[in-house]
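Undergrad: Pasting protein00.txt below, which is compact mmCIF, C-alpha atoms and all ligand atoms.
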```
# COMPACT_ATOMS: atom_id res chain seq x y z
CA MET A 168 34.82 -31.92 -43.15
CA PRO A 169 35.04 -29.40 -46.01
CA LEU A 170 37.79 -26.87 -45.65
CA MET A 171 36.64 -23.34 -44.83
CA PRO A 172 37.52 -21.23 -47.86
CA GLU A 173 40.01 -18.64 -46.75
CA THR A 174 38.92 -15.02 -46.82
CA THR A 175 41.37 -12.91 -48.76
CA THR A 176 41.34 -9.28 -49.78
CA GLN A 177 40.10 -10.57 -53.12
CA THR A 178 37.10 -12.38 -51.64
CA ILE A 179 36.31 -9.23 -49.68
CA GLU A 180 36.47 -7.21 -52.87
CA SER A 181 34.09 -9.63 -54.58
CA ALA A 182 31.70 -9.35 -51.65
CA LEU A 183 31.84 -5.56 -51.82
CA GLY A 184 30.81 -5.85 -55.45
CA GLY A 185 27.38 -6.53 -53.99
CA VAL A 186 27.19 -3.16 -52.25
CA LEU A 187 25.43 -0.64 -54.45
CA ASP A 188 25.61 3.09 -54.11
CA PRO A 189 21.87 3.60 -53.56
CA GLU A 190 21.83 6.87 -55.46
CA LEU A 191 23.66 5.60 -58.50
CA GLY A 192 22.68 1.97 -58.53
CA VAL A 193 26.26 1.01 -59.34
CA ASP A 194 28.42 -1.12 -57.05
CA ILE A 195 31.03 0.63 -54.94
CA VAL A 196 33.94 -1.38 -56.33
CA GLU A 197 33.13 -0.42 -59.90
CA LEU A 198 32.71 3.18 -58.77
CA GLY A 199 36.23 3.15 -57.33
CA MET A 200 34.96 3.88 -53.83
CA VAL A 201 36.86 0.97 -52.27
CA ARG A 202 40.32 2.40 -51.72
CA GLY A 203 41.89 -0.32 -49.63
CA ILE A 204 41.26 -3.66 -47.91
CA GLU A 205 43.34 -5.04 -45.02
CA ILE A 206 43.00 -8.24 -43.06
CA ASP A 207 44.64 -8.68 -39.67
CA GLY A 208 43.71 -12.08 -38.23
CA THR A 209 39.93 -11.99 -37.99
CA ALA A 210 39.65 -8.20 -38.29
CA ALA A 211 39.04 -6.53 -41.63
CA THR A 212 39.57 -2.86 -42.34
CA ILE A 213 37.88 -1.40 -45.40
CA HIS A 214 38.80 2.04 -46.70
CA ILE A 215 35.90 3.68 -48.46
CA ALA A 216 36.05 7.02 -50.28
CA LEU A 217 32.67 8.69 -50.46
CA THR A 218 31.84 11.26 -53.15
CA ILE A 219 31.46 13.90 -50.46
CA ALA A 220 32.40 13.67 -46.80
CA ALA A 221 28.93 14.61 -45.55
CA CYS A 222 27.23 12.11 -47.86
CA PRO A 223 23.73 11.49 -46.48
CA LEU A 224 24.02 7.87 -47.58
CA ARG A 225 27.17 7.30 -45.56
CA THR A 226 25.50 5.25 -42.81
CA GLN A 227 23.72 3.06 -45.30
CA ILE A 228 26.85 2.35 -47.32
CA GLU A 229 28.89 1.70 -44.16
CA GLY A 230 26.22 -0.65 -42.85
CA ASP A 231 26.06 -2.56 -46.13
CA VAL A 232 29.85 -2.90 -46.23
CA VAL A 233 29.96 -4.27 -42.67
CA ARG A 234 27.15 -6.76 -43.34
CA LYS A 235 28.75 -8.10 -46.52
CA VAL A 236 32.20 -8.52 -45.01
CA ILE A 237 31.25 -9.86 -41.58
CA ALA A 238 29.36 -12.64 -43.35
CA LEU A 239 32.63 -13.96 -44.81
CA PRO A 240 34.32 -16.93 -43.11
CA GLY A 241 36.98 -16.10 -40.55
CA ILE A 242 36.03 -12.42 -40.21
CA ASP A 243 34.83 -11.31 -36.76
CA SER A 244 35.06 -7.55 -36.95
CA VAL A 245 34.89 -4.98 -39.69
CA ASP A 246 36.21 -1.47 -39.40
CA VAL A 247 35.12 0.96 -42.10
CA GLN A 248 37.43 3.93 -42.60
CA VAL A 249 35.71 6.68 -44.53
CA THR A 250 37.39 9.46 -46.48
CA ALA A 251 36.14 11.84 -49.15
CA MET A 252 37.14 11.50 -52.78
CA THR A 253 39.47 13.93 -54.47
CA ASP A 254 38.07 16.02 -57.30
CA ARG A 255 39.79 13.75 -59.75
CA GLN A 256 38.41 10.57 -58.23
CA ARG A 257 34.98 12.15 -58.17
CA SER A 258 35.07 13.04 -61.83
CA GLU A 259 36.21 9.51 -62.69
CA LEU A 260 33.32 8.15 -60.69
CA MET A 261 30.93 10.41 -62.55
CA GLY A 262 32.19 9.06 -65.83
CA ILE A 263 31.59 5.49 -64.68
CA ALA A 264 28.13 6.30 -63.34
CA ARG A 265 27.12 8.04 -66.55
CA ARG A 266 28.31 5.18 -68.70
CA ASN A 267 26.41 2.82 -66.50
CA ALA A 268 23.25 4.93 -66.61
CA ARG A 269 23.53 4.99 -70.38
CA ASP A 270 23.72 1.22 -70.50
CA THR A 271 20.81 0.59 -68.17
CA ALA A 272 18.34 3.46 -68.67
CA ALA A 273 14.98 2.48 -70.12
CA PRO A 274 14.87 3.94 -73.60
CA THR A 275 12.91 7.16 -73.96
CA MET A 276 11.37 8.52 -77.15
CA VAL A 277 14.32 10.90 -77.41
CA ASN A 278 16.95 9.62 -79.82
CA PRO A 279 20.21 8.98 -77.94
CA MET A 280 21.87 11.01 -80.69
CA THR A 281 19.84 14.10 -79.81
CA ARG A 282 21.85 16.57 -77.76
CA VAL A 283 19.98 17.59 -74.65
CA ILE A 284 20.56 21.02 -73.13
CA ALA A 285 18.74 21.63 -69.85
CA VAL A 286 18.46 25.27 -68.86
CA GLY A 287 18.35 25.56 -65.09
CA SER A 288 18.66 28.03 -62.26
CA GLY A 289 18.21 28.02 -58.54
CA LYS A 290 15.23 30.35 -58.56
CA GLY A 291 12.51 31.64 -60.80
CA GLY A 292 12.52 34.96 -62.56
CA VAL A 293 16.12 34.94 -63.75
CA GLY A 294 15.13 34.34 -67.37
CA LYS A 295 15.34 30.57 -67.86
CA SER A 296 12.24 30.40 -70.00
CA SER A 297 13.12 33.49 -72.03
CA ILE A 298 16.55 32.05 -72.68
CA SER A 299 15.25 28.54 -73.44
CA VAL A 300 12.82 29.87 -76.05
CA ASN A 301 15.27 32.23 -77.69
CA LEU A 302 18.09 29.70 -77.56
CA ALA A 303 15.91 27.01 -79.16
CA VAL A 304 14.80 29.39 -81.90
CA ALA A 305 18.35 30.68 -82.45
CA ILE A 306 19.70 27.13 -82.82
CA ALA A 307 16.85 26.30 -85.21
CA ASP A 308 17.75 29.40 -87.23
CA THR A 309 21.23 27.97 -87.83
CA GLY A 310 19.57 25.05 -89.58
CA TYR A 311 19.31 22.38 -86.89
CA ARG A 312 16.18 20.52 -85.87
CA VAL A 313 15.24 21.60 -82.37
CA GLY A 314 12.75 20.52 -79.76
CA LEU A 315 11.75 22.53 -76.70
CA LEU A 316 10.42 20.77 -73.63
CA ASP A 317 8.81 22.95 -71.01
CA ALA A 318 9.63 20.96 -67.87
CA ASP A 319 8.31 23.72 -65.63
CA ILE A 320 5.18 21.68 -65.07
CA TRP A 321 3.23 24.18 -62.98
CA GLY A 322 5.01 27.38 -63.87
CA PHE A 323 4.89 26.79 -67.62
CA SER A 324 5.42 29.89 -69.75
CA ILE A 325 6.69 28.54 -73.06
CA PRO A 326 3.29 28.48 -74.85
CA ARG A 327 2.73 32.17 -74.19
CA MET A 328 6.28 33.06 -75.14
CA LEU A 329 5.78 31.32 -78.50
CA GLY A 330 2.25 32.64 -78.98
CA ILE A 331 0.64 29.20 -79.02
CA THR A 332 -1.90 29.51 -76.25
CA GLY A 333 -5.35 28.16 -76.95
CA ARG A 334 -4.10 25.14 -78.91
CA ARG A 335 -3.91 21.62 -77.54
CA LEU A 336 -1.50 18.77 -77.99
CA GLU A 337 -3.02 15.66 -79.53
CA ALA A 338 -2.21 12.00 -79.54
CA GLY A 339 -1.11 10.31 -82.74
CA ASP A 340 -2.04 6.85 -84.05
CA ASP A 341 0.45 5.23 -81.72
CA ARG A 342 -1.22 7.06 -78.79
CA LYS A 343 1.95 9.06 -78.24
CA ILE A 344 1.58 12.82 -77.80
CA VAL A 345 2.51 14.68 -80.96
CA PRO A 346 4.66 17.74 -80.24
CA MET A 347 3.34 21.05 -81.53
CA GLN A 348 5.15 22.88 -84.29
CA ALA A 349 5.72 26.54 -83.50
CA ALA A 350 8.35 29.02 -84.66
CA GLY A 351 10.06 26.20 -86.52
CA ILE A 352 10.61 24.04 -83.46
CA GLN A 353 8.82 21.14 -81.74
CA VAL A 354 7.21 22.19 -78.48
CA VAL A 355 5.70 20.31 -75.56
CA SER A 356 4.38 21.90 -72.38
CA THR A 357 1.77 21.14 -69.74
CA GLY A 358 0.38 24.51 -70.79
CA LEU A 359 -0.65 22.81 -74.03
CA MET A 360 -2.39 19.94 -72.24
CA LEU A 361 -4.38 21.46 -69.42
CA ASP A 362 -7.68 22.04 -71.15
CA ASP A 363 -9.88 21.42 -68.17
CA GLU A 364 -9.68 21.66 -64.44
CA GLN A 365 -9.61 17.90 -64.02
CA THR A 366 -6.57 17.36 -66.19
CA ALA A 367 -4.92 20.23 -64.41
CA LEU A 368 -5.56 18.56 -61.09
CA MET A 369 -4.27 15.26 -62.35
CA TRP A 370 -1.03 16.86 -63.43
CA ARG A 371 -0.75 18.75 -60.18
CA GLY A 372 -0.87 15.42 -58.38
CA LEU A 373 2.07 14.11 -60.36
CA MET A 374 5.52 14.32 -58.97
CA LEU A 375 7.72 16.59 -61.06
CA SER A 376 10.03 13.74 -61.90
CA LYS A 377 7.09 11.57 -63.00
CA ALA A 378 5.81 14.33 -65.24
CA LEU A 379 9.22 14.62 -66.84
CA GLU A 380 9.27 10.87 -67.34
CA GLN A 381 5.93 11.04 -69.14
CA PHE A 382 7.17 13.78 -71.41
CA LEU A 383 10.14 11.69 -72.39
CA HIS A 384 8.33 8.38 -72.74
CA ASP A 385 4.94 9.40 -74.10
CA VAL A 386 5.84 12.15 -76.55
CA ALA A 387 6.66 11.22 -80.12
CA TRP A 388 9.76 13.38 -80.33
CA ASP A 389 11.20 13.69 -83.83
CA ARG A 390 13.91 11.03 -84.13
CA ASP A 391 15.95 13.48 -86.18
CA LEU A 392 16.11 16.20 -83.54
CA ASP A 393 19.64 17.59 -83.28
CA TYR A 394 18.90 19.41 -80.04
CA LEU A 395 16.33 19.19 -77.31
CA VAL A 396 16.28 22.25 -75.07
CA ILE A 397 14.65 21.71 -71.69
CA ASP A 398 13.30 24.62 -69.70
CA MET A 399 13.77 23.31 -66.16
CA PRO A 400 11.62 24.27 -63.19
CA PRO A 401 13.42 26.47 -60.67
CA GLY A 402 15.35 24.81 -57.89
CA THR A 403 17.31 21.69 -57.32
CA GLY A 404 16.56 18.11 -56.63
CA ASP A 405 14.33 15.39 -57.95
CA ILE A 406 13.89 16.66 -61.43
CA GLN A 407 17.59 17.03 -62.10
CA MET A 408 18.17 13.50 -60.83
CA ALA A 409 15.33 12.21 -62.98
CA LEU A 410 16.72 13.97 -66.02
CA ALA A 411 20.17 12.50 -65.50
CA ARG A 412 18.66 9.05 -65.10
CA LEU A 413 16.27 9.27 -68.05
CA LEU A 414 18.49 11.10 -70.52
CA PRO A 415 22.11 10.26 -69.75
CA GLN A 416 23.22 12.53 -72.59
CA ALA A 417 21.68 15.58 -70.89
CA GLU A 418 23.89 18.52 -70.04
CA MET A 419 23.09 21.66 -68.15
CA VAL A 420 23.37 25.37 -68.75
CA VAL A 421 23.08 27.38 -65.56
CA VAL A 422 21.42 30.80 -65.69
CA THR A 423 22.19 33.48 -63.16
CA THR A 424 21.78 37.22 -62.84
CA PRO A 425 24.91 39.25 -62.09
CA GLN A 426 23.83 39.55 -58.46
CA LYS A 427 25.84 37.87 -55.68
CA ALA A 428 22.76 36.30 -54.10
CA ALA A 429 21.60 34.81 -57.41
CA GLN A 430 25.05 33.49 -58.06
CA LYS A 431 25.02 31.60 -54.75
CA VAL A 432 21.67 30.02 -55.56
CA ALA A 433 22.88 29.09 -59.03
CA ALA A 434 25.94 27.46 -57.51
CA ARG A 435 23.65 25.11 -55.60
CA VAL A 436 21.96 24.07 -58.84
CA ALA A 437 25.34 23.39 -60.39
CA ASP A 438 26.34 21.35 -57.37
CA MET A 439 23.15 19.33 -57.58
CA ALA A 440 23.71 18.86 -61.31
CA ARG A 441 27.15 17.48 -60.65
CA ARG A 442 25.89 15.15 -58.00
CA SER A 443 23.33 13.79 -60.40
CA PHE A 444 26.02 13.56 -63.09
CA LEU A 445 24.67 16.22 -65.38
CA PRO A 446 27.73 17.94 -66.77
CA VAL A 447 27.50 21.72 -66.61
CA VAL A 448 28.25 23.14 -70.07
CA GLY A 449 28.58 26.67 -68.81
CA VAL A 450 26.98 29.71 -67.28
CA VAL A 451 24.71 32.25 -68.95
CA GLU A 452 24.41 35.57 -67.21
CA ASN A 453 21.09 37.29 -67.79
CA MET A 454 19.80 40.78 -67.02
CA ALA A 455 23.37 42.02 -67.16
CA GLY A 456 23.11 45.77 -67.20
CA PHE A 457 20.81 48.16 -69.01
CA THR A 458 21.91 50.74 -71.56
CA THR A 459 19.61 53.67 -72.29
CA ASP A 460 19.14 55.18 -75.75
CA ASP A 461 21.63 57.91 -74.94
CA GLY A 462 24.22 55.28 -74.04
CA THR A 463 24.14 55.55 -70.26
CA HIS A 464 24.77 52.16 -68.69
CA TYR A 465 23.23 50.93 -65.45
CA ASP A 466 24.18 47.69 -63.73
CA LEU A 467 20.73 47.27 -62.22
CA PHE A 468 21.31 43.78 -60.91
CA GLY A 469 24.96 44.09 -59.96
CA LYS A 470 27.97 43.03 -61.93
CA GLY A 471 30.28 40.11 -62.49
CA GLY A 472 28.11 37.32 -61.03
CA GLY A 473 28.20 35.24 -64.19
CA GLU A 474 31.95 35.40 -64.51
CA GLU A 475 32.47 34.55 -60.85
CA LEU A 476 30.10 31.61 -60.97
CA ALA A 477 31.74 30.27 -64.12
CA ALA A 478 35.16 30.53 -62.49
CA GLU A 479 33.87 28.88 -59.34
CA LEU A 480 32.46 25.97 -61.34
CA GLY A 481 35.41 25.77 -63.69
CA VAL A 482 33.18 26.12 -66.75
CA PRO A 483 32.99 28.82 -69.44
CA LEU A 484 30.79 31.89 -69.22
CA ILE A 485 28.82 31.18 -72.38
CA GLY A 486 27.38 34.64 -72.67
CA SER A 487 25.98 37.67 -70.97
CA ILE A 488 22.56 38.91 -71.99
CA PRO A 489 21.67 42.54 -71.24
CA LEU A 490 18.39 43.73 -69.79
CA ASP A 491 16.18 44.64 -72.68
CA PRO A 492 12.48 45.55 -72.81
CA PHE A 493 12.33 43.72 -76.15
CA VAL A 494 12.85 40.44 -74.28
CA VAL A 495 9.77 41.13 -72.16
CA GLU A 496 7.76 42.30 -75.14
CA GLY A 497 8.75 39.26 -77.18
CA GLY A 498 7.75 37.00 -74.32
CA ASP A 499 4.38 38.64 -73.93
CA ASP A 500 3.63 38.85 -77.65
CA GLY A 501 4.79 35.36 -78.46
CA ALA A 502 7.50 36.66 -80.80
CA PRO A 503 10.95 35.75 -79.44
CA VAL A 504 13.36 38.68 -79.55
CA VAL A 505 15.87 36.77 -81.71
CA ARG A 506 13.25 36.77 -84.47
CA ALA A 507 11.40 40.02 -83.77
CA HIS A 508 14.46 42.21 -83.20
CA PRO A 509 17.49 40.22 -84.34
CA ASP A 510 19.72 43.30 -84.12
CA ALA A 511 18.85 44.16 -80.53
CA PRO A 512 21.85 43.63 -78.21
CA SER A 513 19.89 41.01 -76.26
CA ALA A 514 19.11 39.08 -79.45
CA ARG A 515 22.73 39.22 -80.58
CA ALA A 516 23.83 38.02 -77.16
CA VAL A 517 21.44 35.03 -77.32
CA ALA A 518 22.62 34.22 -80.85
CA GLY A 519 26.16 34.29 -79.45
CA VAL A 520 25.13 31.91 -76.69
CA ALA A 521 23.61 29.57 -79.28
CA ALA A 522 26.77 29.65 -81.40
CA ARG A 523 28.92 28.89 -78.37
CA ILE A 524 26.70 26.00 -77.33
CA LEU A 525 26.95 24.54 -80.84
CA GLU A 526 30.72 24.62 -80.35
CA LEU A 527 30.72 23.21 -76.84
CA VAL A 528 28.06 20.57 -77.53
CA PRO A 529 28.32 19.90 -81.23
CA PRO A 530 25.52 17.99 -82.91
CA ALA A 531 26.08 14.29 -82.33
CA ALA A 532 25.38 13.18 -85.87
CA ASP A 533 28.45 15.03 -87.11
CA GLU A 534 30.66 12.86 -84.93
CA THR A 535 29.41 9.45 -85.90
CA CYS A 536 30.88 7.10 -88.43
CA THR A 537 27.50 6.34 -89.93
CA ALA A 538 26.90 10.04 -90.57
CA ARG A 539 30.29 10.29 -92.24
CA ILE A 540 29.60 7.19 -94.29
CA ALA A 541 26.26 8.68 -95.32
CA VAL A 542 27.99 11.84 -96.47
CA LEU A 543 30.56 9.83 -98.38
CA MET A 544 27.86 7.74 -100.03
CA GLU A 545 26.03 10.90 -100.99
CA GLN A 546 29.17 12.34 -102.54
CA LEU A 547 29.80 9.08 -104.38
CA GLY A 548 26.24 9.12 -105.64
CA GLN A 549 26.64 12.68 -106.88
CA ASP A 550 29.93 11.84 -108.55
CA ALA A 551 28.35 8.86 -110.23
CA ALA A 552 25.40 10.98 -111.35
CA GLY A 553 27.56 13.88 -112.52
N1 LIG B 601 17.34 39.96 -70.63
C1 LIG B 601 16.16 40.36 -70.17
N2 LIG B 601 15.80 41.67 -70.21
C2 LIG B 601 14.60 42.08 -69.75
N3 LIG B 601 13.69 41.27 -69.22
C3 LIG B 601 13.98 39.96 -69.14
C4 LIG B 601 15.21 39.44 -69.61
N4 LIG B 601 15.19 38.09 -69.41
C5 LIG B 601 14.00 37.80 -68.85
N5 LIG B 601 13.26 38.91 -68.69
C6 LIG B 601 11.91 39.03 -68.10
O1 LIG B 601 12.00 38.57 -66.75
C7 LIG B 601 10.83 37.84 -66.41
C8 LIG B 601 11.23 36.46 -65.94
O2 LIG B 601 11.79 35.75 -67.03
P1 LIG B 601 11.52 34.22 -67.28
O3 LIG B 601 12.19 33.86 -68.55
O4 LIG B 601 10.07 33.91 -67.16
O5 LIG B 601 12.33 33.61 -66.04
P2 LIG B 601 12.28 32.15 -65.37
O6 LIG B 601 11.87 31.18 -66.42
O7 LIG B 601 13.67 31.95 -64.87
O8 LIG B 601 11.30 32.25 -64.25
C9 LIG B 601 9.94 37.83 -67.63
O9 LIG B 601 9.01 38.85 -67.51
C10 LIG B 601 10.90 38.12 -68.77
O10 LIG B 601 10.27 38.77 -69.84
MG MG B 602 10.21 29.89 -66.38
```
Just dump the structure as structure tokens.

TA:
Amino acid sequence: MPLMPETTTQTIESALGGVLDPELGVDIVELGMVRGIEIDGTAATIHIALTIAACPLRTQIEGDVVRKVIALPGIDSVDVQVTAMTDRQRSELMGIARRNARDTAAPTMVNPMTRVIAVGSGKGGVGKSSISVNLAVAIADTGYRVGLLDADIWGFSIPRMLGITGRRLEAGDDRKIVPMQAAGIQVVSTGLMLDDEQTALMWRGLMLSKALEQFLHDVAWDRDLDYLVIDMPPGTGDIQMALARLLPQAEMVVVTTPQKAAQKVAARVADMARRSFLPVVGVVENMAGFTTDDGTHYDLFGKGGGEELAAELGVPLIGSIPLDPFVVEGGDDGAPVVRAHPDAPSARAVAGVAARILELVPPAADETCTARIAVLMEQLGQDAAG
């Protein structure tokens, strides 16, 4: 009779390697969620640390753990002890999950070297689109190649803000959608595709996350883009998850108004971003006060919300953009304020935000060895020529 292989803490750990975190698709051992394994006779106790105590997937993970371990020889009962991870453990887990996503994500048309800045907020009307457009243009004005993806599938406003309504995106030879050139940047938006009611209906039937997937897989984005700015639809959920999955290099800028209520909503977006492993680069406060021509200042939408949110999230306040009729005008006329009125306080503030983002998320090419080698070769070539 063959000897029953003995079940050890090591065999249990191997078995737990087959339990995947359903959200992340990575096994719980690799994620560091297994914090301890004990065997007492035929009883096993497994200590599991979940990312958050109230994790909706808790029952599923617990069930999977029990099924894997009870199947092992000599184990009759399995007790799962659940705790919540510390902040530090959670951030380590995020690192692992992101690395894993990077290794397994189906390649999109976006070059992995392109920095991706998603501009998000909990609700509409806080200025995401205005900021996305002006930020994209401001970064382009510093000499980088920039793309702008309007991921607000139904609430698209980018085409109007760039004055490109009435034109349509077309497919190239490879049947990929060719982004439109406007204001010196590459632009894609459902607003540039919906030429008839039928197409509109088709898009309306698409899940947001599916639409995003199409934009990333079926658009011939310039391989040399330094930055891709994504104007996110308002709210949390699916689309953030999809973005994190499809573009593991994506990072998020959270927009809020100075108001307490807005700040709370924005905090939820940041929380969702973290849970889908989108790092939050920082907070941009918009509609922060209005100064009249005679210098009187009004805090129309409250005060300090951006700073408080940034502190709460432990990220920098990247900038504070004042209320300015030029922003509205620029949006309506298709002439972004950073170009139309570069000296307006709002335009200066956006330029400041762009500069700070270039610092916080520097262009990837600058960091690579190949880029450095290319520069060296170029210098060598010049020396040889001169
Ligand atoms: N700093 C600002 N000053 C004045 N109006 C602004 C400012 N930012 C945005 N707006 C206006 O607020 C409205 C909502 O902005 P929008 O960018 O469309 O927000 P979102 O994309 O978050 O829904 C628009 O009419 C826009 O022109
Ligand atoms: Mg918008």

Undergrad: Which one is closest to ligand LIG 601 (chain B): A:Glu474, A:Glu205, A:Glu526, A:Asp398? Count all atoms listed in the file.

TA: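 Between A:Glu474, A:Glu205, A:Glu526, A:Asp398, the residue approaching ligand LIG 601 (chain B) most closely is A:Asp398.
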
Undergrad: Could you list, with a cut-off of 10 Å and counting all atoms listed in the file, the residues of chain A near ligand LIG 601 (chain B), each shown with its nearest atom pair and the distance in Å rounded to one decimal, rows sorted by chain and ascending number, as a tab-separated table?

TA:
```
residue	atom	partner	partner_atom	distance
A:Val286	CA	B:LIG601	O7	9.1
A:Gly287	CA	B:LIG601	O7	7.9
A:Ser288	CA	B:LIG601	O7	6.9
A:Gly289	CA	B:LIG601	O7	8.7
A:Lys290	CA	B:LIG601	O7	6.7
A:Gly291	CA	B:LIG601	O8	3.7
A:Gly292	CA	B:LIG601	O8	3.4
A:Val293	CA	B:LIG601	O7	4.0
A:Gly294	CA	B:LIG601	O5	3.2
A:Lys295	CA	B:LIG601	O7	3.7
A:Ser296	CA	B:LIG601	O6	3.7
A:Ser297	CA	B:LIG601	O3	3.6
A:Ile298	CA	B:LIG601	O3	6.3
A:Ser299	CA	B:LIG601	O3	7.8
A:Val300	CA	B:LIG601	O3	8.5
A:Asn301	CA	B:LIG601	O3	9.8
A:Asp317	CA	B:LIG601	O6	9.9
A:Asp319	CA	B:LIG601	O6	8.3
A:Gly322	CA	B:LIG601	O8	8.0
A:Phe323	CA	B:LIG601	O6	8.3
A:Ser324	CA	B:LIG601	O4	6.7
A:Ile325	CA	B:LIG601	O4	8.7
A:Met328	CA	B:LIG601	O10	8.8
A:Asp398	CA	B:LIG601	O6	7.5
A:Met399	CA	B:LIG601	O6	8.1
A:Pro400	CA	B:LIG601	O6	7.6
A:Pro401	CA	B:LIG601	O7	6.9
A:Val422	CA	B:LIG601	O7	7.9
A:Thr423	CA	B:LIG601	O7	8.8
A:Thr424	CA	B:LIG601	N4	9.3
A:Glu452	CA	B:LIG601	N1	9.0
A:Asn453	CA	B:LIG601	N1	5.4
A:Met454	CA	B:LIG601	N1	4.4
A:Ala455	CA	B:LIG601	N1	7.3
A:Gly456	CA	B:LIG601	N1	8.9
A:Phe457	CA	B:LIG601	N2	8.3
A:Ser487	CA	B:LIG601	N1	8.9
A:Ile488	CA	B:LIG601	N1	5.5
A:Pro489	CA	B:LIG601	N1	5.1
A:Leu490	CA	B:LIG601	N2	3.3
A:Asp491	CA	B:LIG601	N2	3.9
A:Pro492	CA	B:LIG601	C2	5.1
A:Phe493	CA	B:LIG601	C2	7.0
A:Val494	CA	B:LIG601	C2	5.1
A:Val495	CA	B:LIG601	O10	3.3
A:Glu496	CA	B:LIG601	O10	6.8
A:Gly497	CA	B:LIG601	O10	7.5
A:Gly498	CA	B:LIG601	O10	5.4
A:Asp499	CA	B:LIG601	O10	7.2
A:Val504	CA	B:LIG601	N1	9.9
A:Pro512	CA	B:LIG601	N1	9.6
A:Ser513	CA	B:LIG601	N1	6.3
A:Ala514	CA	B:LIG601	N1	9.0
A:Ala516	CA	B:LIG601	N1	9.4
A:Val517	CA	B:LIG601	N1	9.3
```

Undergrad: With distances taken over all atoms listed in the file, which of A:Pro223, A:Gly330, A:Gly192, A:Gly402 is nearest to ligand MG 602 (chain B)?

TA: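 Closest to ligand MG 602 (chain B) of all the choices is A:Gly402.
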
Undergrad: Write out as JSON, numbers by chain each polymer residue whose atoms come within 9 Å of Ala518 in chain A, counting all atoms listed in the file; drop sequence neighbours fewer than 2 positions from it.

TA: {"A": [301, 302, 305, 306, 505, 509, 513, 514, 515, 516, 520, 521, 522, 523]}

Undergrad: As a VMD selection string, please: the residues near Arg257 in chain A (cut-off 10 Å, all atoms listed in the file, same-chain neighbours under 4 positions excluded).

TA: chain A and resid 198 to 200 216 to 219 251 to 253 261 to 263 441 to 442

Undergrad: Using only C-alpha atoms and all ligand atoms, which of A:Ser443, A:Gln426, A:Ser356, A:Gln348 sits nearest ligand MG 602 (chain B)?

TA: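 Counting only C-alpha atoms and all ligand atoms, the residue closest to ligand MG 602 (chain B) is A:Ser356.
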
Undergrad: If we count all atoms listed in the file and set the cut-off at 8 Å, which residues sit around range 174-179 of chain A, ignoring sequence neighbours fewer than 4 positions away in its own chain? Please answer as a short mmCIF file (atom, residue, chain, number, x, y, z; two decimals) with C-alpha atoms, in the coordinates of the input.

TA:
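To be explicit, this is the file written out as result-v5.cif:
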```
data_model
loop_
_atom_site.label_atom_id
_atom_site.label_comp_id
_atom_site.auth_asym_id
_atom_site.auth_seq_id
_atom_site.Cartn_x
_atom_site.Cartn_y
_atom_site.Cartn_z
CA LEU A 183 31.84 -5.56 -51.82
CA ILE A 204 41.26 -3.66 -47.91
CA GLU A 205 43.34 -5.04 -45.02
CA ILE A 206 43.00 -8.24 -43.06
CA VAL A 236 32.20 -8.52 -45.01
CA LEU A 239 32.63 -13.96 -44.81
CA PRO A 240 34.32 -16.93 -43.11
CA GLY A 241 36.98 -16.10 -40.55
CA ILE A 242 36.03 -12.42 -40.21
#
```

Undergrad: Mind pulling up the distance from CA of Val233 in chain A to CA of Gln248 in chain A?

TA: 11.1 Å

Undergrad: Considering all atoms listed in the file, return as a ChimeraX atom specification whatever protein or nucleic-acid residues lie within 9 Å of Val186 in chain A, sequence-local ones (same chain, fewer than 5 positions apart) excluded.

TA: /A:193-196,228,231-232,235

Undergrad: I'd like the interatomic distance between CA of Ile397 in chain A and CA of Val432 in chain A, to a tenth of an Å.

TA: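 Spanning CA of Ile397 in chain A to CA of Val432 in chain A is a straight-line distance of 19.5 Å.
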
Undergrad: So, counting only C-alpha atoms, which residue among A:Ala387, A:Ala264, A:Leu413, A:Ile485 is closest to Val283 in chain A?

TA: A:Leu413

Undergrad: Could you please determine the separation between CA of Pro425 in chain A and CA of Lys470 in chain A in Å, to one decimal place?

TA: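 These two atoms are separated by 4.9 Å.
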
Undergrad: Point out the residue among A:Ala318, A:Leu383, A:Leu392, A:Val447 with the least atom-to-atom distance to ligand MG 602 (chain B), counting all atoms listed in the file.

TA: A:Ala318

Undergrad: Which is closer to Asp391 in chain A than all the others in A:Gly314, A:Gly184, A:Gly462, A:Gly469, using all atoms listed in the file?

TA: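 Smallest distance to Asp391 in chain A is found for A:Gly314.
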
Undergrad: Find the residues near range 407-412 of chain A: any atom within 8 Å, counting only C-alpha atoms, skip ones fewer than 3 places away on the same chain, and give them as a list of chain:residue names.

TA: A:Ala268, A:Ala272, A:Ser376, A:Leu379, A:Glu380, A:Thr403, A:Gly404, A:Pro415, A:Gln416, A:Ala417, A:Met439, A:Ala440, A:Ser443, A:Phe444, A:Leu445

Undergrad: Find the smallest box with edges along x, y and z containing every listed atom of range 434-451 of chain A, then add 8 Å on each side and report centre and edge lengths in Å to one decimal, as lines of an AutoDock Vina configuration file.

TA:
```
center_x = 25.3
center_y = 22.9
center_z = -62.8
size_x = 22.6
size_y = 34.7
size_z = 30.5
```
